[in-house]
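Everything below concerns the one structure shown next.
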Amino acid sequence: MSVANAYLADISTDKSRSKNFGKMAISSNLGFIVGPALAGILGSTAYEELLPVLAAVLISFAAVVVIAFKLKESKFATAITTSKINLREETSIRKIFACEPKPCYKPNNPNNLSILDVFRLKNLSFLLVLYFFIFLGFNVFYTAFPIHAVTSLKWSSTEMGLYYFVLSGVTILVQGPILRKALQKFSEEKLFIIGSFILGVNFLLSIPNSTILVYVALIFFAVGNGLSWPSFMSILSKHAGTVHQGVIQGVGGSMGSLDSIIGLITGGILYNLIGSNTFLVSAVFIFIVFIMSFRLLNIVKQT
């Protein structure tokens, strides 16, 4: 995913970056809708778990083939081409002016960076701290919510599947047309601030043992996440620049993995101790992000 995010940043312009990361998020959410449904259908046959595993293997193999033969290199060291123009006088000097120079670029600093070097880059340490707190809040929630749904809300596996189906569907709607329209009125930084606040409210609404409030929170979750995450990934890739895009996305992915270790364990322990009040902890982490994110507006003014 880190490589995919870096590739997407390479082929995006400043205007299309947020939209493209929104499309990436839509693809992920579609996978979360189709994947579990397909696994459920295939797993209900006499072959049980064998068919879902084989389907995963085939889908992954198909992805490798497409990447190997269809995905073009995003960085070109040289790119000077000519376009032929039909001229009556092929020996005319006009033939010289028919050469069309194409833009070419090559990283001017290909040296590898260590993790400490990444944190020394301007504004990157601040963005990576935001990355850490966002994922920490998410992972605490991701562990606690399924337990909460089963033990407190008394949901069945079907009701759980319906919840995630609706959540993914609404998120796709937000990250598609709604995000495109929002980008016409607000900057990425402002959308991230707005989205993080809405996301924090979602966690607060999840505390009461009410299915109705959980579905209201679902709307806040979809809107908050749909506006904030593509905007944040766009901001991160913009500050990473063209040279160190891959390593910075990799460090960001590592931060997310560290959050998974800390957040998933912490979420389970906290729910055993304080129940649904665990969602208050997630809300605190996201509201910390909300408060810190106002600094992004100052960073934009400085640049």
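Please note that chains go A, B, ... in the order of the structure tokens, that every chain numbers its residues from 1, and that ligands are numbered from 1 in the order shown.
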**Item:** Test item: residues at most 8 Å from Gly22 of chain A, only C-alpha atoms, excluding those fewer than 6 positions along its chain, as a VMD selection string
**Value:** chain A and resid 175 to 176 179 226 230
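Among the candidates A:Ser2, A:Ser16, A:Ser276, A:Ser260, the residue lying nearest to Asn139 of chain A is A:Ser260 (atoms considered: only C-alpha atoms).
Ranking A:Phe290, A:Phe232, A:Phe133, A:Phe32 by their shortest atom-to-atom distance to Ile193 of chain A, with only C-alpha atoms included, puts A:Phe290 first.
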**Item:** Closest of A:Leu167, A:Ala9, A:Val223, A:Ala4 to Gly241 of chain A - atom-to-atom distances counting only C-alpha atoms
**Value:** A:Ala9
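Ranking A:Phe145, A:Tyr164, A:Tyr7, A:Tyr131 by their shortest atom-to-atom distance to Val34 of chain A, with only C-alpha atoms included, puts A:Tyr164 first.
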**Phe197 of chain A surroundings by only C-alpha atoms, 8 Å radius, close-in-sequence under 5 positions cut, as an MDAnalysis selection string** = chainID A and resid 224 286:287 290
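Using only C-alpha atoms for every distance, the candidate list A:Ile248, A:Leu280, A:Phe221, A:Ile269 yields A:Ile248 as the residue closest to Leu124 of chain A.
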**Message:** Using DSSP secondary structure from the backbone, list all helix (DSSP H, G or I) positions within segment 101-195 of chain A, as a count of residues only.
**Reply:** 71
**Asked** Quick one, how far is atom CA of Phe119 of chain A from atom CA of Leu183 of chain A?
**Response** 28.7 Å
**Request:** Identify which of the residues A:Asn5, A:Ser254, A:Asn277, A:Ser152 lies closest to Arg17 of chain A, counting only C-alpha atoms when measuring atom-to-atom distances.
**Result:** A:Asn5
**Prompt:** Skipping near chain neighbours, those fewer than 2 positions away, what residues fall within 12 Å of Val170 of chain A using only C-alpha atoms, listed as a PyMOL selection string?
**Reply:** chain A and resi 26+29-30+33+163-168+172-178+215-226
With N, CA and C atoms retained, export the selected residues as an mmCIF file, in the first residue's frame.
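Writing done, so here's out-v1.cif:
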```cif
data_model
loop_
_atom_site.group_PDB
_atom_site.id
_atom_site.type_symbol
_atom_site.label_atom_id
_atom_site.label_comp_id
_atom_site.auth_asym_id
_atom_site.auth_seq_id
_atom_site.Cartn_x
_atom_site.Cartn_y
_atom_site.Cartn_z
ATOM 1 N N ILE A 26 -12.057 4.742 -2.363
ATOM 2 C CA ILE A 26 -13.276 4.123 -2.887
ATOM 3 C C ILE A 26 -13.001 2.680 -3.298
ATOM 4 N N ASN A 29 -12.848 0.518 -0.256
ATOM 5 C CA ASN A 29 -14.173 0.270 0.325
ATOM 6 C C ASN A 29 -14.995 -0.681 -0.533
ATOM 7 N N LEU A 30 -14.855 -0.588 -1.852
ATOM 8 C CA LEU A 30 -15.529 -1.560 -2.716
ATOM 9 C C LEU A 30 -15.028 -2.966 -2.434
ATOM 10 N N ILE A 33 -16.694 -4.368 0.480
ATOM 11 C CA ILE A 33 -18.075 -4.783 0.219
ATOM 12 C C ILE A 33 -18.104 -6.114 -0.531
ATOM 13 N N TYR A 163 -23.972 -3.742 8.864
ATOM 14 C CA TYR A 163 -23.393 -2.474 9.332
ATOM 15 C C TYR A 163 -22.195 -2.077 8.475
ATOM 16 N N TYR A 164 -21.270 -3.006 8.272
ATOM 17 C CA TYR A 164 -20.062 -2.692 7.497
ATOM 18 C C TYR A 164 -20.390 -2.471 6.020
ATOM 19 N N PHE A 165 -21.435 -3.151 5.540
ATOM 20 C CA PHE A 165 -21.871 -2.937 4.158
ATOM 21 C C PHE A 165 -22.377 -1.512 3.978
ATOM 22 N N VAL A 166 -23.226 -1.059 4.898
ATOM 23 C CA VAL A 166 -23.775 0.304 4.823
ATOM 24 C C VAL A 166 -22.660 1.328 5.009
ATOM 25 N N LEU A 167 -21.759 1.057 5.955
ATOM 26 C CA LEU A 167 -20.654 1.981 6.211
ATOM 27 C C LEU A 167 -19.785 2.158 4.969
ATOM 28 N N SER A 168 -19.441 1.060 4.331
ATOM 29 C CA SER A 168 -18.604 1.143 3.129
ATOM 30 C C SER A 168 -19.332 1.874 2.007
ATOM 31 N N ILE A 172 -18.107 5.404 0.292
ATOM 32 C CA ILE A 172 -17.858 5.526 -1.150
ATOM 33 C C ILE A 172 -18.546 6.762 -1.707
ATOM 34 N N LEU A 173 -19.782 6.999 -1.267
ATOM 35 C CA LEU A 173 -20.527 8.177 -1.720
ATOM 36 C C LEU A 173 -19.808 9.463 -1.311
ATOM 37 N N VAL A 174 -19.316 9.490 -0.079
ATOM 38 C CA VAL A 174 -18.634 10.687 0.423
ATOM 39 C C VAL A 174 -17.322 10.912 -0.313
ATOM 40 N N GLN A 175 -16.538 9.838 -0.511
ATOM 41 C CA GLN A 175 -15.222 9.974 -1.124
ATOM 42 C C GLN A 175 -15.287 10.157 -2.644
ATOM 43 N N GLY A 176 -16.470 10.038 -3.205
ATOM 44 C CA GLY A 176 -16.650 10.260 -4.627
ATOM 45 C C GLY A 176 -17.182 11.656 -4.904
ATOM 46 N N PRO A 177 -18.468 11.786 -5.213
ATOM 47 C CA PRO A 177 -19.019 13.097 -5.608
ATOM 48 C C PRO A 177 -18.968 14.158 -4.524
ATOM 49 N N ILE A 178 -19.171 13.759 -3.255
ATOM 50 C CA ILE A 178 -19.185 14.756 -2.180
ATOM 51 C C ILE A 178 -17.799 15.362 -1.986
ATOM 52 N N TYR A 215 -26.015 3.888 14.144
ATOM 53 C CA TYR A 215 -26.182 4.164 12.712
ATOM 54 C C TYR A 215 -26.097 5.668 12.416
ATOM 55 N N VAL A 216 -26.477 6.498 13.380
ATOM 56 C CA VAL A 216 -26.239 7.943 13.219
ATOM 57 C C VAL A 216 -24.735 8.202 13.212
ATOM 58 N N ALA A 217 -24.026 7.516 14.134
ATOM 59 C CA ALA A 217 -22.569 7.640 14.190
ATOM 60 C C ALA A 217 -21.929 7.153 12.895
ATOM 61 N N LEU A 218 -22.540 6.152 12.283
ATOM 62 C CA LEU A 218 -22.038 5.624 11.009
ATOM 63 C C LEU A 218 -21.968 6.728 9.949
ATOM 64 N N ILE A 219 -22.980 7.587 9.908
ATOM 65 C CA ILE A 219 -22.979 8.693 8.948
ATOM 66 C C ILE A 219 -21.817 9.632 9.241
ATOM 67 N N PHE A 220 -21.626 9.951 10.534
ATOM 68 C CA PHE A 220 -20.521 10.821 10.921
ATOM 69 C C PHE A 220 -19.177 10.167 10.591
ATOM 70 N N PHE A 221 -19.093 8.861 10.817
ATOM 71 C CA PHE A 221 -17.855 8.134 10.518
ATOM 72 C C PHE A 221 -17.537 8.224 9.030
ATOM 73 N N ALA A 222 -18.543 7.953 8.196
ATOM 74 C CA ALA A 222 -18.334 7.957 6.746
ATOM 75 C C ALA A 222 -17.948 9.346 6.250
ATOM 76 N N VAL A 223 -18.653 10.385 6.744
ATOM 77 C CA VAL A 223 -18.370 11.750 6.294
ATOM 78 C C VAL A 223 -17.005 12.208 6.808
ATOM 79 N N GLY A 224 -16.752 11.968 8.095
ATOM 80 C CA GLY A 224 -15.487 12.407 8.679
ATOM 81 C C GLY A 224 -14.287 11.729 8.045
ATOM 82 N N ASN A 225 -14.360 10.413 7.924
ATOM 83 C CA ASN A 225 -13.264 9.660 7.323
ATOM 84 C C ASN A 225 -13.149 9.963 5.827
ATOM 85 N N GLY A 226 -14.288 10.095 5.153
ATOM 86 C CA GLY A 226 -14.294 10.336 3.718
ATOM 87 C C GLY A 226 -13.699 11.674 3.328
#
```
**Asked** Could you name the residues that touch Leu51 of chain A at 9 Å or less, counting only C-alpha atoms, but leaving out those on the same chain fewer than 6 positions away, as a PyMOL selection string?
**Response** chain A and resi 39+42-43+45
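What separates atom CA of Val118 of chain A from atom CA of Thr242 of chain A is a distance of 14.0 Å.
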Taking 4 positions as the minimum chain separation for residues in the same chain, which residues sit within 8 Å of Ile194 of chain A when counting only C-alpha atoms? Answer as a PDB file with N, CA and C atoms, in the first residue's frame.
```pdb
ATOM      1  N   LYS A 190      -8.376  22.504   5.229  1.00  0.00           N
ATOM      2  CA  LYS A 190      -9.653  22.782   5.894  1.00  0.00           C
ATOM      3  C   LYS A 190     -10.550  21.550   5.908  1.00  0.00           C
ATOM      4  N   ILE A 198     -15.657  15.902  12.748  1.00  0.00           N
ATOM      5  CA  ILE A 198     -16.829  15.042  12.534  1.00  0.00           C
ATOM      6  C   ILE A 198     -16.520  13.613  12.964  1.00  0.00           C
ATOM      7  N   GLY A 224     -16.752  11.968   8.095  1.00  0.00           N
ATOM      8  CA  GLY A 224     -15.487  12.407   8.679  1.00  0.00           C
ATOM      9  C   GLY A 224     -14.287  11.729   8.045  1.00  0.00           C
ATOM     10  N   LEU A 227     -13.846  12.667   4.199  1.00  0.00           N
ATOM     11  CA  LEU A 227     -13.285  13.990   3.920  1.00  0.00           C
ATOM     12  C   LEU A 227     -11.841  14.116   4.401  1.00  0.00           C
ATOM     13  N   SER A 228     -11.541  13.527   5.561  1.00  0.00           N
ATOM     14  CA  SER A 228     -10.243  13.771   6.187  1.00  0.00           C
ATOM     15  C   SER A 228      -9.125  12.900   5.631  1.00  0.00           C
TER      16      SER A 228
END
```
